[in-house]
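K.L.:
My structure is in work_33.cif, and what it holds is mmCIF, C-alpha atoms and all ligand atoms:
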```
data_run
#
loop_
_atom_site.label_atom_id
_atom_site.label_comp_id
_atom_site.auth_asym_id
_atom_site.auth_seq_id
_atom_site.Cartn_x
_atom_site.Cartn_y
_atom_site.Cartn_z
CA MET A 1 -20.40 2.45 -22.59
CA TYR A 2 -18.87 5.20 -24.69
CA CYS A 3 -17.95 3.84 -28.11
CA GLY A 4 -16.70 6.77 -30.20
CA THR A 5 -13.50 8.73 -30.00
CA TRP A 6 -12.42 10.03 -26.62
CA ALA A 7 -11.35 13.30 -28.20
CA PRO A 8 -14.16 15.37 -26.62
CA PHE A 9 -12.63 14.69 -23.25
CA ILE A 10 -9.11 15.65 -24.15
CA ARG A 11 -8.20 18.96 -22.66
CA PRO A 12 -4.74 19.54 -24.07
CA ARG A 13 -3.41 21.60 -21.22
CA PHE A 14 -0.30 19.67 -20.38
CA GLY A 15 1.81 22.29 -22.11
CA ASP A 16 5.54 21.73 -21.93
CA ILE A 17 6.02 18.81 -19.64
CA GLU A 18 8.23 20.06 -16.88
CA VAL A 19 10.58 17.56 -15.40
CA THR A 20 9.15 16.55 -12.07
CA THR A 21 10.31 14.10 -9.46
CA ALA A 22 8.39 12.71 -6.53
CA ALA A 23 10.56 14.38 -3.94
CA THR A 24 13.44 16.72 -3.49
CA GLN A 25 16.24 16.62 -0.99
CA SER A 26 19.15 18.87 -0.18
CA SER A 27 22.34 17.98 -2.01
CA GLN A 28 24.22 17.95 1.29
CA GLN A 29 21.92 15.22 2.61
CA LEU A 30 22.37 13.25 -0.60
CA ALA A 31 26.14 13.48 -0.59
CA THR A 32 26.60 12.14 2.94
CA ASP A 33 24.17 9.20 2.78
CA PRO A 34 25.34 6.48 0.35
CA LEU A 35 21.78 5.13 -0.01
CA ALA A 36 20.14 8.51 -0.58
CA LEU A 37 18.32 8.39 -3.92
CA ILE A 38 18.41 11.25 -6.42
CA ASP A 39 15.94 9.89 -8.95
CA VAL A 40 14.53 6.80 -10.62
CA ASP A 41 17.25 6.53 -13.25
CA HIS A 42 15.31 4.15 -15.49
CA VAL A 43 13.17 1.04 -15.47
CA ARG A 44 14.66 -1.72 -17.61
CA PHE A 45 12.44 -4.27 -19.31
CA TYR A 46 13.68 -7.51 -20.83
CA VAL A 47 11.62 -8.03 -23.98
CA GLY A 48 11.68 -10.46 -26.90
CA ASN A 49 11.93 -7.76 -29.56
CA ALA A 50 12.85 -4.28 -28.35
CA LYS A 51 12.53 -2.70 -31.76
CA GLN A 52 8.87 -3.68 -31.94
CA ALA A 53 8.11 -3.18 -28.22
CA ALA A 54 9.44 0.40 -28.54
CA TYR A 55 6.69 1.16 -31.05
CA PHE A 56 4.04 -0.41 -28.82
CA TYR A 57 4.94 1.80 -25.82
CA ALA A 58 5.45 4.84 -28.03
CA HIS A 59 2.19 4.46 -29.88
CA THR A 60 -0.08 3.40 -27.02
CA PHE A 61 1.41 5.34 -24.06
CA GLY A 62 2.95 8.36 -25.79
CA PHE A 63 6.62 7.67 -25.03
CA GLU A 64 9.27 9.11 -27.32
CA ILE A 65 11.72 6.58 -28.74
CA SER A 66 14.68 8.73 -27.79
CA GLN A 67 17.86 6.65 -28.13
CA VAL A 68 19.14 3.31 -29.26
CA ALA A 69 22.21 1.13 -28.62
CA ASP A 70 22.45 -1.79 -31.04
CA LEU A 71 24.80 -3.37 -33.58
CA THR A 72 24.98 -0.10 -35.50
CA THR A 73 26.33 1.74 -32.44
CA GLY A 74 28.77 -0.96 -31.35
CA SER A 75 26.53 -2.86 -28.92
CA ARG A 76 27.23 -6.50 -29.83
CA GLU A 77 25.42 -8.34 -27.00
CA GLU A 78 22.07 -6.59 -26.73
CA ALA A 79 19.84 -3.96 -28.29
CA ASP A 80 18.53 -1.22 -25.98
CA TYR A 81 15.85 1.37 -26.72
CA LEU A 82 15.47 4.33 -24.38
CA LEU A 83 11.87 5.56 -24.20
CA THR A 84 11.15 8.84 -22.45
CA GLN A 85 8.15 10.82 -21.28
CA GLY A 86 8.24 13.54 -18.59
CA ASN A 87 10.74 12.20 -16.06
CA ILE A 88 10.07 8.55 -16.95
CA ARG A 89 12.81 6.57 -18.69
CA LEU A 90 12.04 3.03 -19.84
CA LEU A 91 14.90 0.97 -21.21
CA LEU A 92 13.82 -1.94 -23.42
CA THR A 93 16.51 -4.59 -23.72
CA THR A 94 16.62 -7.52 -26.14
CA PRO A 95 19.41 -10.10 -26.13
CA LEU A 96 21.29 -10.47 -29.43
CA THR A 97 22.88 -13.77 -28.46
CA LYS A 98 21.52 -16.96 -26.94
CA ASP A 99 23.97 -16.71 -24.05
CA HIS A 100 22.85 -13.26 -22.93
CA PRO A 101 21.18 -13.60 -19.49
CA ALA A 102 18.05 -11.88 -20.84
CA ALA A 103 17.51 -14.76 -23.28
CA GLU A 104 16.93 -17.26 -20.47
CA GLU A 105 14.76 -14.81 -18.51
CA ILE A 106 12.51 -14.11 -21.49
CA LYS A 107 12.05 -17.86 -21.92
CA LEU A 108 11.01 -18.20 -18.28
CA TYR A 109 9.01 -15.03 -17.71
CA GLY A 110 8.07 -13.50 -21.05
CA ASP A 111 8.45 -9.72 -21.38
CA GLY A 112 8.66 -7.83 -18.10
CA VAL A 113 10.58 -5.57 -15.74
CA LYS A 114 14.10 -6.62 -14.80
CA ASP A 115 15.54 -3.56 -13.09
CA ILE A 116 14.36 -0.55 -11.11
CA ALA A 117 17.53 1.52 -11.50
CA LEU A 118 18.15 4.37 -9.07
CA THR A 119 20.33 7.43 -9.58
CA VAL A 120 22.71 8.07 -6.68
CA PHE A 121 25.77 10.22 -6.04
CA ASP A 122 28.24 7.35 -6.03
CA ALA A 123 27.03 3.98 -7.31
CA GLU A 124 30.00 2.07 -5.89
CA LYS A 125 29.42 3.50 -2.41
CA SER A 126 25.69 2.76 -2.61
CA TRP A 127 26.37 -0.82 -3.73
CA LYS A 128 28.92 -1.32 -0.93
CA ALA A 129 26.47 0.06 1.66
CA ALA A 130 23.65 -2.19 0.39
CA VAL A 131 25.91 -5.26 0.37
CA ALA A 132 27.13 -4.39 3.88
CA ASN A 133 23.44 -4.21 4.86
CA GLY A 134 22.89 -7.77 3.61
CA ALA A 135 22.16 -7.44 -0.14
CA GLU A 136 23.37 -10.03 -2.62
CA SER A 137 25.33 -8.46 -5.49
CA ALA A 138 23.96 -8.89 -9.01
CA GLN A 139 26.81 -7.02 -10.70
CA ASP A 140 29.98 -5.53 -9.26
CA PRO A 141 30.63 -1.83 -9.92
CA ARG A 142 31.85 -0.92 -13.40
CA THR A 143 32.38 2.42 -15.04
CA LEU A 144 31.64 3.23 -18.67
CA SER A 145 33.38 6.34 -19.86
CA ASP A 146 34.45 8.43 -22.80
CA GLU A 147 35.66 12.01 -23.28
CA THR A 148 32.24 13.45 -22.37
CA GLY A 149 31.75 11.80 -18.97
CA THR A 150 31.21 8.62 -16.99
CA VAL A 151 28.40 6.30 -15.96
CA THR A 152 29.05 3.95 -13.03
CA VAL A 153 26.62 1.08 -12.46
CA ALA A 154 26.44 -1.59 -9.76
CA SER A 155 23.49 -3.89 -9.05
CA ILE A 156 21.94 -5.84 -6.20
CA LYS A 157 19.29 -8.56 -6.29
CA THR A 158 15.87 -7.87 -4.81
CA TYR A 159 12.81 -10.15 -4.93
CA GLY A 160 12.73 -12.94 -7.51
CA ARG A 161 14.15 -11.93 -10.89
CA ALA A 162 14.23 -8.20 -10.11
CA ILE A 163 17.33 -6.13 -9.39
CA HIS A 164 18.16 -2.58 -8.37
CA THR A 165 21.01 -0.96 -10.26
CA PHE A 166 22.64 2.04 -8.64
CA VAL A 167 23.69 4.55 -11.31
CA SER A 168 25.97 7.56 -10.84
CA ARG A 169 26.68 9.94 -13.66
CA THR A 170 29.20 12.66 -14.49
CA GLY A 171 29.79 15.11 -17.35
CA SER A 172 27.24 15.07 -20.15
CA TYR A 173 25.92 11.72 -18.90
CA ASP A 174 24.19 13.42 -15.96
CA LEU A 175 20.40 13.32 -15.91
CA PRO A 176 19.84 17.03 -16.69
CA SER A 177 21.92 16.63 -19.90
CA ILE A 178 20.09 13.42 -20.84
CA LYS A 179 16.77 15.20 -20.45
CA LYS A 180 18.09 17.68 -23.06
CA GLY A 181 18.99 14.83 -25.44
CA ALA A 182 22.59 13.92 -24.53
CA PRO A 183 23.45 10.22 -24.92
CA PHE A 184 22.12 8.02 -22.09
CA MET A 185 25.31 5.96 -21.78
CA PRO A 186 28.29 5.27 -24.06
CA THR A 187 27.12 3.38 -27.22
CA PHE A 188 23.71 5.11 -27.16
CA LYS A 189 22.78 7.49 -29.95
CA PRO A 190 19.73 9.72 -30.27
CA ILE A 191 17.17 8.67 -32.86
CA ASP A 192 14.06 10.31 -34.15
CA SER A 193 10.87 8.91 -35.51
CA PRO A 194 7.59 10.29 -36.86
CA VAL A 195 5.90 8.80 -33.78
CA ASN A 196 8.00 11.15 -31.61
CA GLU A 197 6.81 14.16 -33.55
CA TYR A 198 3.21 13.00 -33.11
CA ASN A 199 3.73 12.39 -29.39
CA ARG A 200 5.24 15.84 -28.86
CA LYS A 201 2.14 17.36 -30.43
CA ASN A 202 -0.25 15.00 -28.64
CA PRO A 203 1.17 14.38 -25.17
CA ALA A 204 -0.29 11.73 -22.90
CA GLY A 205 0.84 13.74 -19.87
CA LEU A 206 2.69 11.01 -17.93
CA LYS A 207 5.30 12.58 -15.64
CA TYR A 208 7.09 10.14 -13.36
CA VAL A 209 6.96 6.74 -11.67
CA ASP A 210 4.68 7.15 -8.63
CA HIS A 211 5.15 3.62 -7.31
CA CYS A 212 6.36 0.20 -8.36
CA VAL A 213 4.61 -2.90 -7.02
CA GLY A 214 6.22 -6.31 -6.54
CA ASN A 215 4.51 -9.68 -6.23
CA VAL A 216 6.29 -12.12 -3.92
CA GLU A 217 5.49 -15.67 -2.81
CA GLU A 218 2.92 -16.48 -0.13
CA GLY A 219 4.40 -15.88 3.32
CA LYS A 220 7.29 -13.77 1.99
CA MET A 221 5.84 -10.23 2.19
CA ASN A 222 7.27 -9.49 5.63
CA TYR A 223 10.65 -10.89 4.62
CA TRP A 224 10.85 -8.38 1.76
CA VAL A 225 9.49 -5.54 3.91
CA GLU A 226 12.39 -6.15 6.30
CA TRP A 227 14.79 -6.45 3.37
CA TYR A 228 13.82 -2.95 2.15
CA GLU A 229 14.17 -1.63 5.70
CA ASN A 230 17.56 -3.23 6.33
CA VAL A 231 19.24 -3.16 2.91
CA MET A 232 17.82 -0.06 1.24
CA GLU A 233 17.04 1.81 4.49
CA PHE A 234 13.45 2.36 3.36
CA LYS A 235 10.65 2.91 5.87
CA MET A 236 7.16 1.47 6.08
CA PHE A 237 4.94 4.11 4.47
CA LYS A 238 2.46 5.49 6.98
CA HIS A 239 -0.50 4.83 4.72
CA PHE A 240 0.15 1.18 4.05
CA ASP A 241 -2.83 -0.96 3.17
CA ASP A 242 -2.73 -3.87 5.57
CA ALA A 243 -5.32 -6.21 7.10
CA ASP A 244 -8.19 -3.96 6.07
CA ILE A 245 -7.86 -5.09 2.45
CA SER A 246 -8.46 -8.71 3.34
CA THR A 247 -12.06 -8.85 2.20
CA GLU A 248 -13.53 -11.98 0.74
CA TYR A 249 -12.56 -10.66 -2.69
CA SER A 250 -9.14 -9.26 -2.06
CA ALA A 251 -6.98 -12.36 -1.80
CA LEU A 252 -3.81 -10.37 -1.40
CA MET A 253 -1.80 -8.83 1.38
CA SER A 254 0.17 -5.68 0.72
CA LYS A 255 2.59 -3.40 2.55
CA VAL A 256 4.16 -0.25 1.18
CA MET A 257 7.83 0.60 1.59
CA ALA A 258 9.11 4.10 0.81
CA SER A 259 12.60 5.48 0.27
CA GLY A 260 13.72 8.02 2.87
CA ASN A 261 12.81 10.98 0.69
CA HIS A 262 9.64 9.32 -0.70
CA LEU A 263 11.20 9.44 -4.17
CA ILE A 264 9.81 6.00 -4.79
CA LYS A 265 7.28 3.81 -3.03
CA MET A 266 7.45 0.07 -3.41
CA PRO A 267 4.32 -1.81 -2.30
CA ILE A 268 4.89 -5.54 -1.87
CA ASN A 269 2.05 -8.02 -2.40
CA GLU A 270 1.74 -11.64 -1.45
CA PRO A 271 -1.14 -13.98 -2.31
CA ALA A 272 -3.74 -14.64 0.37
CA GLU A 273 -6.59 -17.09 0.66
CA GLY A 274 -9.72 -15.83 -1.06
CA LYS A 275 -12.90 -17.08 -2.64
CA LYS A 276 -11.16 -17.69 -5.95
CA LYS A 277 -7.58 -17.91 -7.16
CA SER A 278 -5.59 -14.84 -6.13
CA GLN A 279 -4.48 -12.52 -8.93
CA ILE A 280 -1.04 -12.62 -7.30
CA LEU A 281 -0.96 -16.40 -7.64
CA GLU A 282 -2.06 -16.10 -11.27
CA TYR A 283 0.86 -13.74 -11.90
CA LEU A 284 3.31 -16.12 -10.22
CA GLU A 285 2.03 -19.11 -12.16
CA TRP A 286 2.71 -17.31 -15.45
CA HIS A 287 6.07 -16.05 -14.16
CA ASP A 288 7.69 -19.42 -13.42
CA MET A 289 6.57 -19.08 -9.74
CA THR A 290 9.16 -16.32 -9.46
CA PRO A 291 8.52 -12.94 -7.81
CA GLY A 292 8.70 -9.85 -10.00
CA VAL A 293 7.27 -6.42 -10.72
CA GLN A 294 3.46 -6.54 -11.02
CA HIS A 295 2.78 -2.94 -11.99
CA LEU A 296 4.30 0.47 -12.48
CA ALA A 297 2.11 3.41 -11.52
CA LEU A 298 2.73 6.42 -13.75
CA ARG A 299 1.74 9.82 -12.42
CA THR A 300 -0.21 12.46 -14.32
CA ASP A 301 -1.52 15.85 -13.21
CA ASP A 302 -4.70 15.41 -15.27
CA GLU A 303 -6.17 11.94 -15.01
CA LEU A 304 -9.09 12.62 -17.35
CA ALA A 305 -6.97 14.04 -20.16
CA SER A 306 -4.35 11.30 -19.82
CA VAL A 307 -6.87 8.46 -19.74
CA ALA A 308 -8.78 9.97 -22.68
CA ALA A 309 -5.55 10.29 -24.67
CA LEU A 310 -4.48 6.74 -23.82
CA ARG A 311 -7.90 5.32 -24.70
CA ASN A 312 -7.68 7.10 -28.04
CA ARG A 313 -4.29 5.49 -28.58
CA GLY A 314 -5.74 2.05 -27.95
CA VAL A 315 -4.66 1.29 -24.39
CA ASP A 316 -6.73 -1.56 -23.03
CA PHE A 317 -7.94 -0.65 -19.51
CA LEU A 318 -9.69 -2.83 -16.98
CA SER A 319 -13.41 -2.18 -17.08
CA LEU A 320 -15.47 -1.94 -13.95
CA PRO A 321 -18.96 -3.14 -13.13
CA ASP A 322 -21.51 -0.35 -13.86
CA THR A 323 -22.62 -0.54 -10.23
CA TYR A 324 -19.27 0.95 -9.18
CA TYR A 325 -20.43 4.50 -9.91
CA GLU A 326 -23.71 4.01 -8.03
CA GLN A 327 -21.76 3.85 -4.78
CA VAL A 328 -18.47 5.62 -5.29
CA TRP A 329 -19.54 9.27 -5.02
CA GLY A 330 -21.34 8.75 -1.71
CA ARG A 331 -18.35 6.96 -0.22
CA VAL A 332 -15.64 9.28 -1.54
CA ASN A 333 -17.30 12.67 -1.15
CA LYS A 334 -18.49 11.76 2.37
CA MET A 335 -14.92 10.92 3.36
CA LEU A 336 -13.67 14.20 1.86
CA THR A 337 -16.24 16.46 3.51
CA GLU A 338 -15.85 14.71 6.87
CA ASN A 339 -12.15 15.55 6.71
CA GLY A 340 -12.68 19.16 5.67
CA HIS A 341 -11.82 18.76 1.98
CA GLU A 342 -13.70 19.83 -1.14
CA PRO A 343 -15.49 17.01 -2.99
CA VAL A 344 -13.94 15.56 -6.17
CA LYS A 345 -13.67 18.55 -8.53
CA GLU A 346 -13.50 16.68 -11.86
CA ASP A 347 -16.73 16.16 -13.79
CA HIS A 348 -18.33 13.04 -12.30
CA GLU A 349 -19.99 12.01 -15.59
CA MET A 350 -16.69 12.26 -17.49
CA ILE A 351 -14.99 10.14 -14.83
CA LYS A 352 -17.70 7.52 -15.31
CA ASP A 353 -17.53 7.68 -19.12
CA LEU A 354 -13.75 7.24 -19.00
CA GLY A 355 -14.10 4.38 -16.50
CA ILE A 356 -11.74 6.00 -13.96
CA LEU A 357 -11.62 4.83 -10.34
CA VAL A 358 -11.85 7.22 -7.40
CA ASP A 359 -10.77 6.82 -3.80
CA ALA A 360 -10.25 9.09 -0.80
CA ASP A 361 -8.52 9.09 2.55
CA ASP A 362 -8.22 11.65 5.34
CA GLU A 363 -5.77 13.73 3.25
CA GLY A 364 -7.67 13.99 -0.01
CA TYR A 365 -8.52 11.91 -3.05
CA LEU A 366 -6.90 10.12 -5.95
CA LEU A 367 -7.96 9.06 -9.43
CA GLN A 368 -6.53 5.86 -10.87
CA LEU A 369 -7.01 3.32 -13.62
CA PHE A 370 -5.30 0.03 -14.39
CA THR A 371 -4.41 -1.34 -17.79
CA LYS A 372 -4.87 -4.94 -18.74
CA PRO A 373 -1.61 -6.94 -18.99
CA LEU A 374 0.86 -5.30 -21.40
CA GLN A 375 1.98 -8.58 -22.94
CA ASP A 376 0.32 -11.93 -23.67
CA ARG A 377 1.14 -13.41 -20.28
CA PRO A 378 -1.06 -12.03 -17.46
CA THR A 379 1.88 -10.45 -15.66
CA LEU A 380 3.01 -6.79 -15.87
CA PHE A 381 0.54 -3.90 -16.19
CA PHE A 382 0.53 -0.10 -15.73
CA GLU A 383 -1.54 2.12 -13.48
CA ILE A 384 -2.29 5.74 -14.43
CA ILE A 385 -2.68 7.80 -11.25
CA SER A 386 -3.25 11.40 -10.18
CA ARG A 387 -3.27 12.57 -6.59
CA HIS A 388 -5.24 15.38 -5.01
CA GLY A 389 -3.92 15.20 -1.44
CA SER A 390 -4.29 11.45 -1.01
CA GLN A 391 -1.01 9.57 -0.61
CA SER A 392 -2.54 6.10 -0.43
CA PHE A 393 -3.09 3.47 -3.10
CA GLY A 394 -6.83 3.12 -3.64
CA LYS A 395 -7.74 0.43 -1.14
CA GLY A 396 -11.40 1.53 -1.27
CA ASN A 397 -11.39 0.29 -4.87
CA PHE A 398 -10.11 -3.17 -4.07
CA LYS A 399 -13.48 -4.91 -3.92
CA ALA A 400 -14.63 -3.44 -7.25
CA LEU A 401 -11.24 -4.15 -8.75
CA PHE A 402 -11.16 -7.73 -7.62
CA GLU A 403 -14.54 -8.33 -9.17
CA ALA A 404 -13.24 -6.86 -12.44
CA LEU A 405 -9.99 -8.82 -12.21
CA GLU A 406 -11.81 -12.07 -11.49
CA LEU A 407 -13.90 -11.57 -14.61
CA GLU A 408 -10.69 -11.16 -16.62
CA GLN A 409 -9.11 -14.21 -14.96
CA GLU A 410 -12.22 -16.21 -15.79
CA ARG A 411 -11.93 -15.15 -19.46
CA ARG A 412 -8.34 -16.40 -19.44
CA GLY A 413 -9.41 -19.73 -17.88
CA ASN A 414 -7.27 -18.99 -14.82
CA LEU A 415 -9.84 -19.05 -11.99
FE FE2 A 501 -0.75 0.80 -7.65
#
```
Any chance you could give the structure as structure tokens?
Ligand code: FE2
P.N.:
Amino acid sequence: MYCGTWAPFIRPRFGDIEVTTAATQSSQQLATDPLALIDVDHVRFYVGNAKQAAYFYAHTFGFEISQVADLTTGSREEADYLLTQGNIRLLLTTPLTKDHPAAEEIKLYGDGVKDIALTVFDAEKSWKAAVANGAESAQDPRTLSDETGTVTVASIKTYGRAIHTFVSRTGSYDLPSIKKGAPFMPTFKPIDSPVNEYNRKNPAGLKYVDHCVGNVEEGKMNYWVEWYENVMEFKMFKHFDDADISTEYSALMSKVMASGNHLIKMPINEPAEGKKKSQILEYLEWHDMTPGVQHLALRTDDELASVAALRNRGVDFLSLPDTYYEQVWGRVNKMLTENGHEPVKEDHEMIKDLGILVDADDEGYLLQLFTKPLQDRPTLFFEIISRHGSQSFGKGNFKALFEALELEQERRGNL
């Protein structure tokens, strides 16, 4: 195991991080379909102390602490910190009063994701279409405005404690202006911090949300698959990982739903019978037996540089059995050459030293690595992923991963 600094592996070639989204779509298409998605507007976390959590995500994952809404800006009910990196926007929300709904949720679930918010052309129309398709409303449409523009938000409930907020923006509240530093919503103001300066000079290279995985109760996966089809008009992604992940170790079932333009993919897991307690069941038990977001996968163009940078910053990643690398190159490179692709181009020894996982399918390969839980409860974690043709989710790594996860569960006394 490598014990020194990871600096030798950092190849600082991210340059200026261009704003990238997972997919593009013609504006005509977007304007006529109320459930067409423009972007992932933001991912909102409910946390116990947003001021401190902001420094955790900034320091360990390289996010800039861009904006704040709190008592000093006229926000009397909650404090919100907007963290940005590439085209990722995390919103950390802390209740300022005991009656704020986040206060009860933090008591039940600890820190975690509340909302996968989606930018659309007209949030009210999107909300109406989703409700007409069978969604339960979480918040009726409301518009925040001032002389510079408007932000309209309206929310629907999805699995467990999670919601989707539709967000439409005009004037200087549109996403291109926000990316240049304009206020995120009324009451937000830009802030700066020495950690931002450091992060601009030492980027971690994370660009956008590749996928967002939900854990639901046993027997409920297909219900939520149909919900995403009917309500959000998503489609089953062609590369879903289905029965073939049910090994003796896997103990989960998973299907992947994708928005029409593949802007976002939402795999849905449910626990399955396995040798030991399912990691999905462990999540649920520490989440008041309530479904929620299990992990966010953040995309980078350079897995080795990103993982090296994040390790240097102190991110705690899952470690794999050493035997993993004895088998992986045979499996992956065989799959690639059989399908007419070049073998994995990154240095194999560096991949091993950084503890990165590799998988391939008929379209190419991917590199991925999973963090340990981001808070004290074994619930939410991040995945750092780069894709080289492959559009799948690393099912070839499941057996190795489950062994690693079981070791962690055992350490927590949860097996
Ligand atoms: Fe994932």
K.L.:
Which residues sit within 8 Å of ligand FE2 501 (chain A), counting all atoms listed in the file, listed as an MDAnalysis selection string?
P.N.:
chainID A and resid 211:213 267 295:297 383 393:394
K.L.:
Set the distance at 10 Å and use all atoms listed in the file: which residues neighbour A:Ser259 once local chain neighbours fewer than 3 positions away are removed? I'd like the list as a ChimeraX atom specification.
P.N.:
/A:35-37,228-229,232-237,262-266
K.L.:
Show which residues sit within 6 Å of A:Ala79, as a list in words. Count all atoms listed in the file, and ignore same-chain residues fewer than 4 positions away.
P.N.:
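Within the cut-off, the hits are Ala69, Asp70, Thr93 and Thr94 of chain A.
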K.L.:
Which residue out of A:His388, A:Gly396, A:Glu338, A:Asn312 has the minimum interatomic distance to A:Asp359 when all atoms listed in the file are used?
P.N.:
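Between A:His388, A:Gly396, A:Glu338, A:Asn312, the residue approaching A:Asp359 most closely is A:Gly396.
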K.L.:
At what distance in Å, to one decimal, does atom CA of A:Gly171 lie from atom CA of A:Leu118?
P.N.:
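Between these atoms lies a distance of 17.9 Å.
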K.L.:
Can you work out which one of A:Lys207, A:Arg411, A:Lys51, A:Lys345 has the shortest atom-to-atom distance to A:Leu92, counting all atoms listed in the file?
P.N.:
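Among A:Lys207, A:Arg411, A:Lys51, A:Lys345, it is A:Lys51 that comes nearest to A:Leu92.
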K.L.:
Using the block above, I'd like stretch 202-208 of chain A written out, keeping all heavy atoms and formatting it as a JSON list (two decimals), in the first residue's frame.
P.N.:
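result01.json written:
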```
[["chain", "number", "residue", "atom", "x", "y", "z"],
["A", 202, "ASN", "N", -5.67, 24.22, -7.32],
["A", 202, "ASN", "CA", -5.46, 22.77, -7.21],
["A", 202, "ASN", "C", -6.77, 22.03, -7.46],
["A", 202, "ASN", "O", -7.35, 21.46, -6.54],
["A", 202, "ASN", "CB", -4.95, 22.41, -5.80],
["A", 202, "ASN", "CG", -3.66, 23.13, -5.47],
["A", 202, "ASN", "OD1", -2.59, 22.69, -5.85],
["A", 202, "ASN", "ND2", -3.79, 24.26, -4.78],
["A", 203, "PRO", "N", -7.24, 22.03, -8.71],
["A", 203, "PRO", "CA", -8.57, 21.46, -8.96],
["A", 203, "PRO", "C", -8.58, 19.94, -8.78],
["A", 203, "PRO", "O", -7.60, 19.26, -9.04],
["A", 203, "PRO", "CB", -8.84, 21.83, -10.42],
["A", 203, "PRO", "CG", -7.51, 22.05, -11.03],
["A", 203, "PRO", "CD", -6.61, 22.57, -9.94],
["A", 204, "ALA", "N", -9.75, 19.46, -8.33],
["A", 204, "ALA", "CA", -9.93, 18.01, -8.22],
["A", 204, "ALA", "C", -10.53, 17.44, -9.50],
["A", 204, "ALA", "O", -10.59, 16.22, -9.65],
["A", 204, "ALA", "CB", -10.83, 17.70, -7.02],
["A", 205, "GLY", "N", -10.97, 18.31, -10.40],
["A", 205, "GLY", "CA", -11.37, 17.85, -11.74],
["A", 205, "GLY", "C", -12.75, 17.23, -11.84],
["A", 205, "GLY", "O", -13.06, 16.57, -12.83],
["A", 206, "LEU", "N", -13.63, 17.45, -10.85],
["A", 206, "LEU", "CA", -14.98, 16.87, -10.93],
["A", 206, "LEU", "C", -15.86, 17.77, -11.78],
["A", 206, "LEU", "O", -15.83, 19.00, -11.62],
["A", 206, "LEU", "CB", -15.55, 16.69, -9.52],
["A", 206, "LEU", "CG", -14.65, 15.89, -8.57],
["A", 206, "LEU", "CD1", -15.29, 15.76, -7.19],
["A", 206, "LEU", "CD2", -14.34, 14.51, -9.16],
["A", 207, "LYS", "N", -16.64, 17.17, -12.70],
["A", 207, "LYS", "CA", -17.30, 17.99, -13.72],
["A", 207, "LYS", "C", -18.80, 18.01, -13.66],
["A", 207, "LYS", "O", -19.43, 19.03, -13.88],
["A", 207, "LYS", "CB", -16.87, 17.51, -15.11],
["A", 207, "LYS", "CG", -15.37, 17.61, -15.32],
["A", 207, "LYS", "CD", -14.99, 17.34, -16.73],
["A", 207, "LYS", "CE", -14.65, 18.64, -17.41],
["A", 207, "LYS", "NZ", -14.07, 18.43, -18.74],
["A", 208, "TYR", "N", -19.44, 16.89, -13.45],
["A", 208, "TYR", "CA", -20.91, 16.88, -13.35],
["A", 208, "TYR", "C", -21.38, 15.60, -12.69],
["A", 208, "TYR", "O", -20.60, 14.67, -12.49],
["A", 208, "TYR", "CB", -21.58, 17.10, -14.70],
["A", 208, "TYR", "CG", -21.25, 16.11, -15.79],
["A", 208, "TYR", "CD1", -21.99, 14.94, -15.94],
["A", 208, "TYR", "CD2", -20.21, 16.35, -16.68],
["A", 208, "TYR", "CE1", -21.70, 14.04, -16.95],
["A", 208, "TYR", "CE2", -19.91, 15.46, -17.70],
["A", 208, "TYR", "CZ", -20.66, 14.30, -17.83],
["A", 208, "TYR", "OH", -20.37, 13.41, -18.82]]
```
